Amino acid sequence: MKLTVLRSIAIASVILVATAAAATRPHYGGVLHIQIQNAIPSLDPAADNQPDRAARRNVLALILDTLVTLDERGELQPALAIQWHAEPDHQHWQFILRPGITFSDGTPMTPEIVASSLRRANPGWKVSSLETGIVIQLDVASSDLPGELSLPRNGVVKLDSGKFLGTGSFVASEWDPGKKLLLTARDDYWGGRPFVDSVEIEMGRNLRDEMIAYDLGHSQLIEIPAEQAYHAAEARDVHVSEPVELVALLFAREVGTPKEAKQRQALALSIDRNLLNRVVLQGGGEPAGGVLPGWLTGYSFLFPQAADLSRAQQLRAELPQAPQWTLDFDANDTLMRLIAERILLNASDAGLRLQLSNSNISDVRLVRVPFPSLDPQAALAQIAKSLQLPAPKFLGDTVGDLYHAENAMLQSERLIPLLHLRTAWAVSKTVRNWENTRDASWRLTNVWLAPGKP
């Protein structure tokens, strides 16, 4: 009798272990439901007329591949290109393409299509095709061209009757611009088929609706604003990235006179960045004295970011007349409005006059710009380009060269860095193998869905 009982217990244990193993074993199938707040009006990677946010870059990365990619350490890795090299002048580059790649409609990826795609995204480049690759000729030397090619805007596309076709792991099977996107996994993807069958992305959702859908199990991944991450984590599994976005003041023109330079210095010293991060962001970011965050460069501490109201008042007292400046910001961005209002109070304490404005013509603008790359040089160059600032000059590839280029950008006094924002995502317990990346990027190829409710 005892032997029978023990045998039954052993069998039951084996069944339980086997069931648990099956529940934790990756498997194919299912729809991953995602909700984001950013409305994406176009899948054109080279479009410059829409906000570049982490969510948009993540969506494009599911559809498009780049010639080169960056790993978690920011090191270059082959993607659509398997080899590359530059001439000593760093103006002539050659890239050998990976063979056997096809677009989502089955069309082979050819050097001619790749060259056409890159010329469209970069009109200033001379891109020509070879038998097995492409050649890029630049007017100005660039030792970091591969890093720039890893940017989502340089994703390789094939135009087909107004549609943008890519070589990525998913294909857009349904597309309602700015509202909804349904992506279907490609069985023939060169990097291996994703585990999930499809990804459904709803756009333009407010945080309240996102949380309701998440809590009811209708979505498994939702975007959480940086300032809401702490409260959202009280009842949800929230993953927070490193700071991945810059908030700064951008002046519309170059400094005209020494008095104007002194007024800009007074404004920079008057702003309490620590208070902005603690009160407005609820700790969802970091005070910023430089353009790039410390986790990306290692030297951000060299740029002072502490407020000095006494010094700001002293500089203001040295100006017989300080004109009132207009401060523009995105009226649709609640966070930017709160930051702008706090800046007005700080400036007033220093004796400076600012007036909020939503006009396209203003003296200074409050901007938020994402860090587009884990490559610091590529990130700094792209930020300067998006803000229409002079391109940074890199004398070499060292950290010192990067610092001097960033410092020169700040010495122009066109830009006053304020904050570095984090990005957060609430991830359901049914989403397995989720990777919490430093740059807030999705890595969905190996994500799979477990059965059950969140």
# chains A, B, ... in the order shown; residues from 1 in each chain; ligands from 1
>>> select_by_dssp(residues="stretch 52-215 of chain A", states="helix (DSSP H, G or I)", output="number ranges by chain")
A: 54-63, 111-121, 145-149, 152-154, 207-215
>>> write_last_selection(atoms="N, CA and C atoms", output="compact mmCIF listing (two decimals), in the first residue's frame")
# COMPACT_ATOMS: atom_id res chain seq x y z
N ALA A 54 11.10 57.43 -28.76
CA ALA A 54 11.57 56.05 -28.65
C ALA A 54 10.56 55.08 -29.26
N ALA A 55 9.27 55.35 -29.07
CA ALA A 55 8.24 54.44 -29.59
C ALA A 55 8.30 54.38 -31.12
N ARG A 56 8.48 55.52 -31.77
CA ARG A 56 8.54 55.53 -33.24
C ARG A 56 9.75 54.75 -33.73
N ARG A 57 10.89 54.95 -33.09
CA ARG A 57 12.09 54.24 -33.51
C ARG A 57 11.93 52.74 -33.30
N ASN A 58 11.24 52.35 -32.23
CA ASN A 58 11.02 50.93 -31.97
C ASN A 58 10.11 50.31 -33.02
N VAL A 59 9.08 51.05 -33.41
CA VAL A 59 8.17 50.54 -34.44
C VAL A 59 8.90 50.36 -35.76
N LEU A 60 9.67 51.36 -36.16
CA LEU A 60 10.40 51.27 -37.42
C LEU A 60 11.39 50.11 -37.41
N ALA A 61 12.01 49.86 -36.25
CA ALA A 61 13.00 48.79 -36.16
C ALA A 61 12.40 47.40 -36.36
N LEU A 62 11.09 47.26 -36.16
CA LEU A 62 10.43 45.98 -36.39
C LEU A 62 10.22 45.71 -37.88
N ILE A 63 10.15 46.79 -38.66
CA ILE A 63 9.84 46.67 -40.09
C ILE A 63 11.09 46.78 -40.95
N PRO A 111 21.97 45.81 -54.41
CA PRO A 111 22.75 47.01 -54.14
C PRO A 111 22.10 48.28 -54.68
N GLU A 112 21.41 48.17 -55.83
CA GLU A 112 20.77 49.34 -56.42
C GLU A 112 19.66 49.87 -55.53
N ILE A 113 18.86 48.98 -54.94
CA ILE A 113 17.77 49.41 -54.05
C ILE A 113 18.34 50.03 -52.78
N VAL A 114 19.39 49.42 -52.23
CA VAL A 114 20.01 49.97 -51.02
C VAL A 114 20.58 51.36 -51.29
N ALA A 115 21.28 51.51 -52.41
CA ALA A 115 21.86 52.81 -52.75
C ALA A 115 20.77 53.86 -52.92
N SER A 116 19.68 53.50 -53.58
CA SER A 116 18.57 54.44 -53.78
C SER A 116 17.95 54.85 -52.45
N SER A 117 17.79 53.90 -51.54
CA SER A 117 17.20 54.18 -50.23
C SER A 117 18.06 55.17 -49.44
N LEU A 118 19.38 54.96 -49.45
CA LEU A 118 20.27 55.84 -48.69
C LEU A 118 20.39 57.22 -49.33
N ARG A 119 20.35 57.28 -50.65
CA ARG A 119 20.37 58.59 -51.31
C ARG A 119 19.14 59.40 -50.96
N ARG A 120 18.01 58.72 -50.87
CA ARG A 120 16.76 59.41 -50.53
C ARG A 120 16.81 59.97 -49.12
N ALA A 121 17.37 59.21 -48.18
CA ALA A 121 17.45 59.67 -46.79
C ALA A 121 18.55 60.70 -46.58
N LEU A 145 30.78 57.08 -39.80
CA LEU A 145 29.68 56.82 -40.73
C LEU A 145 28.93 55.53 -40.39
N PRO A 146 29.59 54.41 -40.04
CA PRO A 146 28.82 53.22 -39.68
C PRO A 146 27.86 53.47 -38.52
N GLY A 147 28.29 54.27 -37.53
CA GLY A 147 27.39 54.60 -36.43
C GLY A 147 26.17 55.37 -36.90
N GLU A 148 26.37 56.28 -37.85
CA GLU A 148 25.24 57.03 -38.40
C GLU A 148 24.31 56.12 -39.19
N LEU A 149 24.87 55.14 -39.88
CA LEU A 149 24.05 54.21 -40.65
C LEU A 149 23.21 53.30 -39.77
N PRO A 152 17.73 54.68 -37.15
CA PRO A 152 16.51 54.21 -37.81
C PRO A 152 16.19 54.96 -39.11
N ARG A 153 16.55 56.24 -39.17
CA ARG A 153 16.24 57.01 -40.39
C ARG A 153 16.99 56.46 -41.60
N ASN A 154 18.04 55.67 -41.37
CA ASN A 154 18.78 55.05 -42.47
C ASN A 154 18.38 53.60 -42.69
N LEU A 207 -2.68 58.10 -20.84
CA LEU A 207 -2.19 57.18 -19.81
C LEU A 207 -3.34 56.46 -19.11
N ARG A 208 -4.42 57.16 -18.84
CA ARG A 208 -5.56 56.53 -18.14
C ARG A 208 -6.11 55.35 -18.94
N ASP A 209 -6.33 55.57 -20.24
CA ASP A 209 -6.86 54.49 -21.08
C ASP A 209 -5.86 53.34 -21.20
N GLU A 210 -4.58 53.68 -21.27
CA GLU A 210 -3.55 52.65 -21.34
C GLU A 210 -3.59 51.75 -20.10
N MET A 211 -3.67 52.37 -18.93
CA MET A 211 -3.64 51.61 -17.69
C MET A 211 -4.88 50.74 -17.53
N ILE A 212 -6.03 51.26 -17.93
CA ILE A 212 -7.26 50.46 -17.85
C ILE A 212 -7.13 49.21 -18.74
N ALA A 213 -6.67 49.43 -19.98
CA ALA A 213 -6.50 48.30 -20.90
C ALA A 213 -5.49 47.30 -20.37
N TYR A 214 -4.42 47.80 -19.77
CA TYR A 214 -3.38 46.92 -19.22
C TYR A 214 -3.92 46.13 -18.03
N ASP A 215 -4.60 46.81 -17.12
CA ASP A 215 -5.11 46.14 -15.92
C ASP A 215 -6.19 45.11 -16.25
>>> atom_distance(atom1="atom CA of A:Leu415", atom2="atom CA of A:Gly290")
9.5 Å
>>> residues_around(residues="A:Phe329", least_positions_apart="3", cutoff="9 Å", atoms="only C-alpha atoms", output="PyMOL selection string")
chain A and resi 332-333+336-337+340+356-359+364-367
>>> select_by_dssp(residues="stretch 250-446 of chain A", states="strand (DSSP E)", output="tab-separated table (two decimals) with N, CA and C atoms, in the first residue's frame")
chain	number	residue	atom	x	y	z
A	250	LEU	N	16.52	76.24	-26.33
A	250	LEU	CA	17.21	76.49	-27.59
A	250	LEU	C	16.92	77.92	-28.03
A	251	PHE	N	17.97	78.74	-28.17
A	251	PHE	CA	17.80	80.12	-28.62
A	251	PHE	C	17.70	80.16	-30.14
A	285	GLY	N	13.92	61.50	-14.11
A	285	GLY	CA	15.02	61.88	-14.98
A	285	GLY	C	16.25	62.24	-14.18
A	286	GLU	N	17.11	63.05	-14.77
A	286	GLU	CA	18.31	63.53	-14.09
A	286	GLU	C	18.55	64.98	-14.49
A	287	PRO	N	19.04	65.82	-13.58
A	287	PRO	CA	19.45	67.17	-13.97
A	287	PRO	C	20.57	67.09	-15.00
A	325	TRP	N	12.07	88.13	-22.99
A	325	TRP	CA	12.13	87.09	-24.00
A	325	TRP	C	10.82	86.30	-24.04
A	326	THR	N	10.47	85.83	-25.21
A	326	THR	CA	9.32	84.93	-25.35
A	326	THR	C	9.83	83.49	-25.36
A	327	LEU	N	9.12	82.63	-24.62
A	327	LEU	CA	9.49	81.22	-24.48
A	327	LEU	C	8.41	80.36	-25.12
A	328	ASP	N	8.78	79.63	-26.15
A	328	ASP	CA	7.85	78.77	-26.88
A	328	ASP	C	8.01	77.33	-26.41
A	354	LEU	N	10.49	86.59	-18.70
A	354	LEU	CA	10.12	85.64	-19.76
A	354	LEU	C	8.61	85.63	-19.88
A	355	GLN	N	8.14	85.42	-21.11
A	355	GLN	CA	6.70	85.32	-21.36
A	355	GLN	C	6.44	84.08	-22.21
A	356	LEU	N	5.49	83.26	-21.76
A	356	LEU	CA	5.16	82.05	-22.52
A	356	LEU	C	4.50	82.42	-23.83
A	357	SER	N	4.81	81.65	-24.87
A	357	SER	CA	4.26	81.91	-26.19
A	357	SER	C	4.15	80.60	-26.94
A	364	VAL	N	13.30	82.03	-27.50
A	364	VAL	CA	13.86	80.79	-26.99
A	364	VAL	C	12.75	79.73	-26.98
A	365	ARG	N	13.14	78.50	-27.23
A	365	ARG	CA	12.16	77.41	-27.33
A	365	ARG	C	12.57	76.28	-26.40
A	366	LEU	N	11.58	75.72	-25.71
A	366	LEU	CA	11.80	74.54	-24.87
A	366	LEU	C	11.65	73.31	-25.74
A	367	VAL	N	12.70	72.50	-25.85
A	367	VAL	CA	12.70	71.36	-26.77
A	367	VAL	C	12.98	70.08	-26.00
A	368	ARG	N	12.51	68.97	-26.57
A	368	ARG	CA	12.87	67.64	-26.07
A	368	ARG	C	13.31	66.80	-27.26
A	369	VAL	N	14.49	66.23	-27.13
A	369	VAL	CA	15.12	65.51	-28.24
A	369	VAL	C	15.62	64.17	-27.74
A	370	PRO	N	15.24	63.07	-28.38
A	370	PRO	CA	15.74	61.76	-27.94
A	370	PRO	C	17.18	61.55	-28.37
A	415	LEU	N	22.33	76.73	-26.64
A	415	LEU	CA	21.61	75.65	-26.00
A	415	LEU	C	21.88	75.64	-24.50
A	416	ILE	N	20.82	75.52	-23.70
A	416	ILE	CA	20.95	75.38	-22.25
A	416	ILE	C	20.32	74.04	-21.87
A	417	PRO	N	21.11	73.00	-21.64
A	417	PRO	CA	20.56	71.70	-21.21
A	417	PRO	C	19.92	71.82	-19.83
A	418	LEU	N	18.79	71.14	-19.65
A	418	LEU	CA	18.07	71.19	-18.38
A	418	LEU	C	17.92	69.82	-17.72
A	419	LEU	N	17.42	68.85	-18.49
A	419	LEU	CA	17.08	67.55	-17.93
A	419	LEU	C	17.37	66.44	-18.93
A	420	HIS	N	17.61	65.25	-18.39
A	420	HIS	CA	17.64	64.04	-19.19
A	420	HIS	C	16.49	63.16	-18.70
A	421	LEU	N	15.57	62.83	-19.60
A	421	LEU	CA	14.38	62.05	-19.24
A	421	LEU	C	14.58	60.56	-19.47
A	424	ALA	N	9.74	54.66	-19.67
A	424	ALA	CA	9.30	53.50	-18.89
A	424	ALA	C	8.22	52.74	-19.65
A	425	TRP	N	8.19	51.42	-19.43
A	425	TRP	CA	7.17	50.54	-20.02
A	425	TRP	C	6.63	49.63	-18.94
A	426	ALA	N	5.31	49.49	-18.91
A	426	ALA	CA	4.70	48.47	-18.06
A	426	ALA	C	4.57	47.20	-18.89
A	427	VAL	N	5.11	46.10	-18.37
A	427	VAL	CA	5.16	44.85	-19.12
A	427	VAL	C	4.40	43.77	-18.35
A	431	VAL	N	4.29	38.34	-20.77
A	431	VAL	CA	5.35	38.61	-21.74
A	431	VAL	C	6.65	38.06	-21.19
A	432	ARG	N	7.16	37.04	-21.83
A	432	ARG	CA	8.37	36.36	-21.35
A	432	ARG	C	9.59	36.74	-22.20
>>> residues_around(residues="A:Asp272", least_positions_apart="4", cutoff="7 Å", atoms="only C-alpha atoms", output="list in words")
Leu276, Ala306 and Ala307 of chain A
>>> write_last_selection(atoms="N, CA and C atoms", output="compact mmCIF listing (two decimals), in the first residue's frame")
# COMPACT_ATOMS: atom_id res chain seq x y z
N LEU A 276 13.31 70.72 -10.62
CA LEU A 276 12.53 70.27 -11.77
C LEU A 276 12.43 68.75 -11.78
N ALA A 306 24.19 72.83 -11.35
CA ALA A 306 23.56 73.36 -10.14
C ALA A 306 23.15 74.82 -10.34
N ALA A 307 22.01 75.20 -9.77
CA ALA A 307 21.54 76.59 -9.82
C ALA A 307 22.40 77.46 -8.92
>>> decode(residues="stretch 251-290 of chain A", atoms="N, CA and C atoms", output="JSON list (two decimals), in the first residue's frame")
[["chain", "number", "residue", "atom", "x", "y", "z"],
["A", 251, "PHE", "N", 17.97, 78.74, -28.17],
["A", 251, "PHE", "CA", 17.80, 80.12, -28.62],
["A", 251, "PHE", "C", 17.70, 80.16, -30.14],
["A", 252, "ALA", "N", 16.89, 81.07, -30.62],
["A", 252, "ALA", "CA", 16.59, 81.13, -32.05],
["A", 252, "ALA", "C", 17.76, 81.65, -32.87],
["A", 253, "ARG", "N", 18.68, 82.36, -32.25],
["A", 253, "ARG", "CA", 19.76, 82.96, -33.02],
["A", 253, "ARG", "C", 21.06, 82.92, -32.22],
["A", 254, "GLU", "N", 22.15, 83.24, -32.91],
["A", 254, "GLU", "CA", 23.45, 83.32, -32.27],
["A", 254, "GLU", "C", 23.48, 84.50, -31.31],
["A", 255, "VAL", "N", 24.41, 84.47, -30.37],
["A", 255, "VAL", "CA", 24.58, 85.60, -29.44],
["A", 255, "VAL", "C", 25.01, 86.83, -30.23],
["A", 256, "GLY", "N", 24.28, 87.94, -30.03],
["A", 256, "GLY", "CA", 24.58, 89.16, -30.78],
["A", 256, "GLY", "C", 25.57, 90.08, -30.12],
["A", 257, "THR", "N", 25.49, 90.21, -28.79],
["A", 257, "THR", "CA", 26.34, 91.14, -28.05],
["A", 257, "THR", "C", 26.80, 90.50, -26.74],
["A", 258, "PRO", "N", 27.86, 91.03, -26.12],
["A", 258, "PRO", "CA", 28.27, 90.52, -24.81],
["A", 258, "PRO", "C", 27.17, 90.64, -23.76],
["A", 259, "LYS", "N", 26.34, 91.67, -23.84],
["A", 259, "LYS", "CA", 25.24, 91.82, -22.88],
["A", 259, "LYS", "C", 24.23, 90.68, -23.04],
["A", 260, "GLU", "N", 23.96, 90.30, -24.29],
["A", 260, "GLU", "CA", 23.03, 89.20, -24.53],
["A", 260, "GLU", "C", 23.60, 87.89, -24.01],
["A", 261, "ALA", "N", 24.91, 87.70, -24.17],
["A", 261, "ALA", "CA", 25.56, 86.50, -23.65],
["A", 261, "ALA", "C", 25.45, 86.44, -22.13],
["A", 262, "LYS", "N", 25.60, 87.58, -21.48],
["A", 262, "LYS", "CA", 25.51, 87.64, -20.03],
["A", 262, "LYS", "C", 24.08, 87.32, -19.56],
["A", 263, "GLN", "N", 23.08, 87.78, -20.33],
["A", 263, "GLN", "CA", 21.69, 87.50, -19.97],
["A", 263, "GLN", "C", 21.38, 86.00, -20.11],
["A", 264, "ARG", "N", 21.94, 85.37, -21.11],
["A", 264, "ARG", "CA", 21.74, 83.93, -21.29],
["A", 264, "ARG", "C", 22.41, 83.15, -20.15],
["A", 265, "GLN", "N", 23.59, 83.60, -19.74],
["A", 265, "GLN", "CA", 24.27, 82.96, -18.62],
["A", 265, "GLN", "C", 23.46, 83.08, -17.34],
["A", 266, "ALA", "N", 22.85, 84.26, -17.13],
["A", 266, "ALA", "CA", 22.03, 84.47, -15.95],
["A", 266, "ALA", "C", 20.82, 83.53, -15.96],
["A", 267, "LEU", "N", 20.22, 83.35, -17.12],
["A", 267, "LEU", "CA", 19.07, 82.45, -17.22],
["A", 267, "LEU", "C", 19.49, 81.02, -16.90],
["A", 268, "ALA", "N", 20.62, 80.58, -17.44],
["A", 268, "ALA", "CA", 21.09, 79.21, -17.20],
["A", 268, "ALA", "C", 21.35, 78.97, -15.71],
["A", 269, "LEU", "N", 21.90, 79.97, -15.02],
["A", 269, "LEU", "CA", 22.22, 79.83, -13.60],
["A", 269, "LEU", "C", 20.98, 79.92, -12.71],
["A", 270, "SER", "N", 19.91, 80.52, -13.20],
["A", 270, "SER", "CA", 18.71, 80.71, -12.38],
["A", 270, "SER", "C", 17.85, 79.46, -12.27],
["A", 271, "ILE", "N", 18.00, 78.52, -13.19],
["A", 271, "ILE", "CA", 17.08, 77.38, -13.27],
["A", 271, "ILE", "C", 17.51, 76.28, -12.31],
["A", 272, "ASP", "N", 16.60, 75.89, -11.44],
["A", 272, "ASP", "CA", 16.86, 74.84, -10.46],
["A", 272, "ASP", "C", 16.50, 73.49, -11.08],
["A", 273, "ARG", "N", 17.48, 72.84, -11.67],
["A", 273, "ARG", "CA", 17.25, 71.57, -12.36],
["A", 273, "ARG", "C", 16.92, 70.44, -11.39],
["A", 274, "ASN", "N", 17.54, 70.47, -10.21],
["A", 274, "ASN", "CA", 17.25, 69.44, -9.22],
["A", 274, "ASN", "C", 15.79, 69.49, -8.79],
["A", 275, "LEU", "N", 15.26, 70.69, -8.63],
["A", 275, "LEU", "CA", 13.85, 70.84, -8.26],
["A", 275, "LEU", "C", 12.94, 70.39, -9.39],
["A", 276, "LEU", "N", 13.31, 70.72, -10.62],
["A", 276, "LEU", "CA", 12.53, 70.27, -11.77],
["A", 276, "LEU", "C", 12.43, 68.75, -11.78],
["A", 277, "ASN", "N", 13.56, 68.08, -11.57],
["A", 277, "ASN", "CA", 13.55, 66.62, -11.60],
["A", 277, "ASN", "C", 12.77, 66.03, -10.43],
["A", 278, "ARG", "N", 12.93, 66.62, -9.26],
["A", 278, "ARG", "CA", 12.30, 66.07, -8.06],
["A", 278, "ARG", "C", 10.80, 66.33, -8.02],
["A", 279, "VAL", "N", 10.37, 67.54, -8.41],
["A", 279, "VAL", "CA", 8.97, 67.93, -8.28],
["A", 279, "VAL", "C", 8.17, 67.66, -9.55],
["A", 280, "VAL", "N", 8.65, 68.18, -10.68],
["A", 280, "VAL", "CA", 7.90, 68.05, -11.93],
["A", 280, "VAL", "C", 8.00, 66.64, -12.50],
["A", 281, "LEU", "N", 9.23, 66.08, -12.50],
["A", 281, "LEU", "CA", 9.43, 64.74, -13.07],
["A", 281, "LEU", "C", 9.21, 63.62, -12.07],
["A", 282, "GLN", "N", 9.02, 63.97, -10.79],
["A", 282, "GLN", "CA", 8.88, 62.95, -9.75],
["A", 282, "GLN", "C", 10.03, 61.95, -9.78],
["A", 283, "GLY", "N", 11.24, 62.48, -10.03],
["A", 283, "GLY", "CA", 12.42, 61.63, -10.08],
["A", 283, "GLY", "C", 12.55, 60.81, -11.35],
["A", 284, "GLY", "N", 11.81, 61.17, -12.38],
["A", 284, "GLY", "CA", 11.82, 60.39, -13.62],
["A", 284, "GLY", "C", 12.93, 60.76, -14.59],
["A", 285, "GLY", "N", 13.92, 61.50, -14.11],
["A", 285, "GLY", "CA", 15.02, 61.88, -14.98],
["A", 285, "GLY", "C", 16.25, 62.24, -14.18],
["A", 286, "GLU", "N", 17.11, 63.05, -14.77],
["A", 286, "GLU", "CA", 18.31, 63.53, -14.09],
["A", 286, "GLU", "C", 18.55, 64.98, -14.49],
["A", 287, "PRO", "N", 19.04, 65.82, -13.58],
["A", 287, "PRO", "CA", 19.45, 67.17, -13.97],
["A", 287, "PRO", "C", 20.57, 67.09, -15.00],
["A", 288, "ALA", "N", 20.57, 68.00, -15.96],
["A", 288, "ALA", "CA", 21.54, 67.94, -17.04],
["A", 288, "ALA", "C", 22.29, 69.25, -17.18],
["A", 289, "GLY", "N", 23.62, 69.15, -17.24],
["A", 289, "GLY", "CA", 24.44, 70.30, -17.56],
["A", 289, "GLY", "C", 25.02, 70.20, -18.95],
["A", 290, "GLY", "N", 25.02, 68.97, -19.50],
["A", 290, "GLY", "CA", 25.53, 68.72, -20.84],
["A", 290, "GLY", "C", 24.46, 68.16, -21.74]]
